[in-house]
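S.K.: Before anything else, here's the structure in question.
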Amino acid sequence: ANREGAELSKVYMVGNILIDNLRFCRQRIEGIGNELVKHPALPAITDASYLVLTLNRKAIINNSEEMRSLVSAVVSSAHEAGVPVVAPLRGKARQEVEAMGLEGIMLIEAQGYLDFSYLTAHAMGIVTDSGNVAEEATFNGVPCITLNSYTEHIETVKIGTNVLVGEDADRLVLMTKVLLRGEWKKAGIPDRWDGRSADRIVQILVNE
């Protein structure tokens with residue numbers, strides 16, 4: 001905010017509005033769980049028995065060789081440990097991964113918000129290129145590996161469950177194996193991720 005010329009006296013730490021939404025929807029998210037695990041593409045999926053893989057960054061998806069290397073790193077490591085990888089992919093990413101013909105990966109359709117939130121909240125771990133997914137993982141206490149060397153949500157790394165590996169397949173293998181062995185770092189929930197960000201925003205606006 002300071003770099004953008006904002007007066008620091010007008011900058012307020014209110015928390016994370018995404019967490020407000022998660023808390024608000026938690027009962028609905030858990031309510032759809034029984035239906036989701038009956039999905040025909042998800043046989044024998046139970047809590048903390050699978051990894052979730054998501055890919056959305058064009059920088060990865062448009063580099064076919066790099067994307068295949070990263071996907072192979074995750075899936076082969078998980079398959080070796082007997083853990084399936086559930087991948088709600090679409091478009092070019094789905095086509096590329098399908099063409100790889102890997103064992104141990106379950107490709108499913110892109111999920112709606114509630115279904116996806118349930119799937120990630122109950123996973124053993126998540127491999128993603130999405131900052132928002134990493135935020136949700138931190139809130140849910142789920143180990144998360146992010147395929148990026150940068151995050152706007154650095155608290156997910158410093159305090160939360162998130163680890164950045166960039167597009168480094170070797171480091172991805174290393175961290176995936178750490179995750180699968182249950183040796184993930186201890187983590188907590190960042191300050192003011194209590195679901196009351198909107199309350200603080202309204203209070204600030206009223207007082208102004």
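We label chains A, B, ... in the order they appear in the structure tokens, count residues from 1 in each chain, and number ligands from 1 in the order shown.
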Find the spatial neighbours of Ile19 in chain A, counting only C-alpha atoms, within a cut-off of 8 Å - ignore same-chain residues fewer than 6 positions away - and output them as an MDAnalysis selection string.
M.R.: chainID A and resid 136 139 193:195
S.K.: Skip Asn148 in chain A itself and residues of its chain fewer than 4 positions away, then list as a PyMOL selection string all residues within 8 Å of it, counting only C-alpha atoms.
M.R.: chain A and resi 129+164-167
S.K.: Would you save the residues of that selection, restricted to N, CA and C atoms, as a PDB file, in the first residue's frame?
M.R.:
ATOM      1  N   ASP A 129      -1.010 -24.446  -8.193  1.00  0.00           N
ATOM      2  CA  ASP A 129      -0.338 -23.215  -8.600  1.00  0.00           C
ATOM      3  C   ASP A 129      -1.194 -22.000  -8.243  1.00  0.00           C
ATOM      4  N   LEU A 164       6.681 -23.084  -1.154  1.00  0.00           N
ATOM      5  CA  LEU A 164       6.882 -22.739  -2.556  1.00  0.00           C
ATOM      6  C   LEU A 164       8.003 -23.578  -3.149  1.00  0.00           C
ATOM      7  N   VAL A 165       7.760 -24.183  -4.316  1.00  0.00           N
ATOM      8  CA  VAL A 165       8.816 -24.956  -4.981  1.00  0.00           C
ATOM      9  C   VAL A 165       9.111 -24.436  -6.385  1.00  0.00           C
ATOM     10  N   GLY A 166       8.445 -23.357  -6.791  1.00  0.00           N
ATOM     11  CA  GLY A 166       8.630 -22.837  -8.145  1.00  0.00           C
ATOM     12  C   GLY A 166       8.188 -23.861  -9.169  1.00  0.00           C
ATOM     13  N   GLU A 167       8.956 -23.978 -10.246  1.00  0.00           N
ATOM     14  CA  GLU A 167       8.676 -25.010 -11.256  1.00  0.00           C
ATOM     15  C   GLU A 167       9.806 -26.035 -11.261  1.00  0.00           C
TER      16      GLU A 167
END
S.K.: With only C-alpha atoms as the basis for distance, which of A:Thr128, A:Ser117, A:Ser77, A:Asn21 is at the shortest distance from Ile60 in chain A?
M.R.: A:Thr128
S.K.: May I ask which of the residues A:Val83, A:Thr161, A:Glu109, A:Gln203 is the closest one to Lys177 in chain A, counting only C-alpha atoms?
M.R.: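 Between A:Val83, A:Thr161, A:Glu109, A:Gln203, the residue approaching Lys177 in chain A most closely is A:Val83.
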S.K.: To test your reading of the structure, identify every residue in range 43-120 of chain A that backbone DSSP assigns to strand (DSSP E or B), and report it as a list in words.
M.R.: Leu51, Val52, Leu53, Val85, Val86, Ala87, Pro88, Ile105, Met106, Leu107 and Ile108 of chain A
S.K.: Could you check how far CA of Lys92 in chain A sits from CA of Thr176 in chain A, in Å to one decimal?
M.R.: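 A separation of 24.0 Å between them.
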S.K.: Got a sec to tell me which of range 8-203 of chain A DSSP assigns to helix (DSSP H, G or I), as a count of residues only?
M.R.: 95
S.K.: Which residues come within 7 Å of range 87-89 of chain A, counting only C-alpha atoms, excluding same-chain residues fewer than 4 positions away, as a ChimeraX atom specification?
M.R.: /A:52-55,93-94,105-111
S.K.: Quick check, in Å to one decimal: how far apart do CA of Leu179 in chain A and CA of Cys144 in chain A lie?
M.R.: 8.6 Å
S.K.: A:Leu114, A:Ile189, A:Lys158, A:Met100: which is nearest Ala137 in chain A, counting only C-alpha atoms?
M.R.: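 Nearest to Ala137 in chain A: A:Ile189.
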S.K.: Contacts of Val74 in chain A at 12 Å or less, counting only C-alpha atoms, minus same-chain residues fewer than 6 places along, as number ranges by chain?
M.R.: A: 50-54, 67-68, 80-81, 83-87, 102-105, 125-128, 145-147, 168-180
S.K.: Save out the residues we just selected, N, CA and C atoms, as a short mmCIF file (atom, residue, chain, number, x, y, z; two decimals), in the first residue's frame.
M.R.:
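Heads up, here's the output in out.cif:
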data_model
loop_
_atom_site.label_atom_id
_atom_site.label_comp_id
_atom_site.auth_asym_id
_atom_site.auth_seq_id
_atom_site.Cartn_x
_atom_site.Cartn_y
_atom_site.Cartn_z
N TYR A 50 -5.63 -39.15 -0.04
CA TYR A 50 -5.35 -38.76 -1.42
C TYR A 50 -4.70 -37.38 -1.46
N LEU A 51 -4.03 -37.09 -2.57
CA LEU A 51 -3.54 -35.75 -2.85
C LEU A 51 -4.44 -35.10 -3.88
N VAL A 52 -4.52 -33.79 -3.85
CA VAL A 52 -5.24 -33.02 -4.86
C VAL A 52 -4.23 -32.24 -5.69
N LEU A 53 -4.38 -32.28 -7.00
CA LEU A 53 -3.52 -31.53 -7.91
C LEU A 53 -4.37 -30.58 -8.74
N THR A 54 -4.02 -29.29 -8.73
CA THR A 54 -4.70 -28.32 -9.59
C THR A 54 -3.66 -27.55 -10.40
N MET A 67 5.17 -28.79 -17.76
CA MET A 67 3.97 -29.26 -17.09
C MET A 67 4.00 -30.78 -16.92
N ARG A 68 4.40 -31.49 -17.96
CA ARG A 68 4.48 -32.94 -17.88
C ARG A 68 5.49 -33.38 -16.82
N GLU A 80 4.10 -44.34 -5.87
CA GLU A 80 5.08 -45.16 -5.18
C GLU A 80 4.68 -45.39 -3.73
N ALA A 81 4.01 -44.40 -3.14
CA ALA A 81 3.56 -44.49 -1.75
C ALA A 81 2.16 -45.07 -1.63
N VAL A 83 -0.63 -43.71 -2.82
CA VAL A 83 -1.60 -42.64 -2.59
C VAL A 83 -2.09 -42.10 -3.93
N PRO A 84 -3.39 -42.12 -4.19
CA PRO A 84 -3.90 -41.59 -5.47
C PRO A 84 -3.86 -40.07 -5.51
N VAL A 85 -3.76 -39.54 -6.73
CA VAL A 85 -3.81 -38.10 -6.95
C VAL A 85 -5.11 -37.77 -7.66
N VAL A 86 -5.92 -36.95 -7.04
CA VAL A 86 -7.19 -36.52 -7.63
C VAL A 86 -6.96 -35.17 -8.30
N ALA A 87 -7.27 -35.09 -9.59
CA ALA A 87 -6.95 -33.89 -10.36
C ALA A 87 -8.18 -33.35 -11.09
N LEU A 102 -0.65 -41.77 -17.12
CA LEU A 102 -0.02 -42.12 -15.85
C LEU A 102 -0.91 -42.97 -14.98
N GLU A 103 -0.30 -43.91 -14.26
CA GLU A 103 -1.03 -44.66 -13.25
C GLU A 103 -1.07 -43.84 -11.97
N GLY A 104 -2.20 -43.95 -11.25
CA GLY A 104 -2.27 -43.31 -9.95
C GLY A 104 -2.90 -41.94 -9.94
N ILE A 105 -3.40 -41.48 -11.09
CA ILE A 105 -4.07 -40.18 -11.12
C ILE A 105 -5.51 -40.36 -11.54
N GLY A 125 -2.88 -33.86 1.24
CA GLY A 125 -2.08 -32.72 0.84
C GLY A 125 -2.52 -32.21 -0.51
N ILE A 126 -2.04 -31.03 -0.87
CA ILE A 126 -2.44 -30.37 -2.11
C ILE A 126 -1.19 -29.90 -2.85
N VAL A 127 -1.19 -30.09 -4.17
CA VAL A 127 -0.17 -29.50 -5.04
C VAL A 127 -0.92 -28.59 -6.00
N THR A 128 -0.56 -27.32 -6.01
CA THR A 128 -1.35 -26.34 -6.74
C THR A 128 -0.48 -25.21 -7.26
N ILE A 145 1.77 -27.64 -1.41
CA ILE A 145 2.96 -27.34 -2.20
C ILE A 145 2.51 -26.46 -3.36
N THR A 146 3.11 -25.27 -3.48
CA THR A 146 2.70 -24.34 -4.53
C THR A 146 3.74 -24.28 -5.63
N LEU A 147 3.28 -24.47 -6.86
CA LEU A 147 4.15 -24.46 -8.04
C LEU A 147 4.37 -23.02 -8.51
N ASP A 168 10.37 -26.28 -10.08
CA ASP A 168 11.52 -27.17 -9.91
C ASP A 168 11.02 -28.59 -9.62
N ALA A 169 11.08 -29.47 -10.61
CA ALA A 169 10.55 -30.83 -10.46
C ALA A 169 11.28 -31.62 -9.37
N ASP A 170 12.59 -31.42 -9.25
CA ASP A 170 13.36 -32.14 -8.23
C ASP A 170 12.93 -31.73 -6.82
N ARG A 171 12.75 -30.42 -6.61
CA ARG A 171 12.30 -29.96 -5.29
C ARG A 171 10.86 -30.40 -5.05
N LEU A 172 10.07 -30.45 -6.10
CA LEU A 172 8.69 -30.93 -5.97
C LEU A 172 8.66 -32.38 -5.49
N VAL A 173 9.50 -33.22 -6.07
CA VAL A 173 9.59 -34.62 -5.64
C VAL A 173 9.98 -34.69 -4.17
N LEU A 174 11.00 -33.91 -3.79
CA LEU A 174 11.47 -33.91 -2.41
C LEU A 174 10.36 -33.54 -1.44
N MET A 175 9.65 -32.44 -1.73
CA MET A 175 8.61 -31.97 -0.80
C MET A 175 7.39 -32.88 -0.82
N THR A 176 7.09 -33.48 -1.97
CA THR A 176 5.97 -34.42 -2.03
C THR A 176 6.25 -35.64 -1.15
N LYS A 177 7.48 -36.11 -1.16
CA LYS A 177 7.85 -37.27 -0.34
C LYS A 177 7.83 -36.91 1.15
N VAL A 178 8.24 -35.68 1.48
CA VAL A 178 8.15 -35.23 2.87
C VAL A 178 6.69 -35.23 3.31
N LEU A 179 5.83 -34.72 2.46
CA LEU A 179 4.40 -34.66 2.75
C LEU A 179 3.83 -36.07 2.95
N LEU A 180 4.17 -36.97 2.03
CA LEU A 180 3.63 -38.33 2.07
C LEU A 180 4.13 -39.11 3.29
#
S.K.: Please report the interatomic distance between CA of Met124 in chain A and CA of Ile61 in chain A in Å with one decimal.
M.R.: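 Rounded to one decimal, the two atoms are 24.3 Å apart.
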S.K.: Determine the nearest neighbour of Asn56 in chain A from the options A:Arg90, A:Ala187, A:Gln95, A:Ile154, counting only C-alpha atoms.
M.R.: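 The shortest atom-to-atom distance to Asn56 in chain A comes from A:Arg90.
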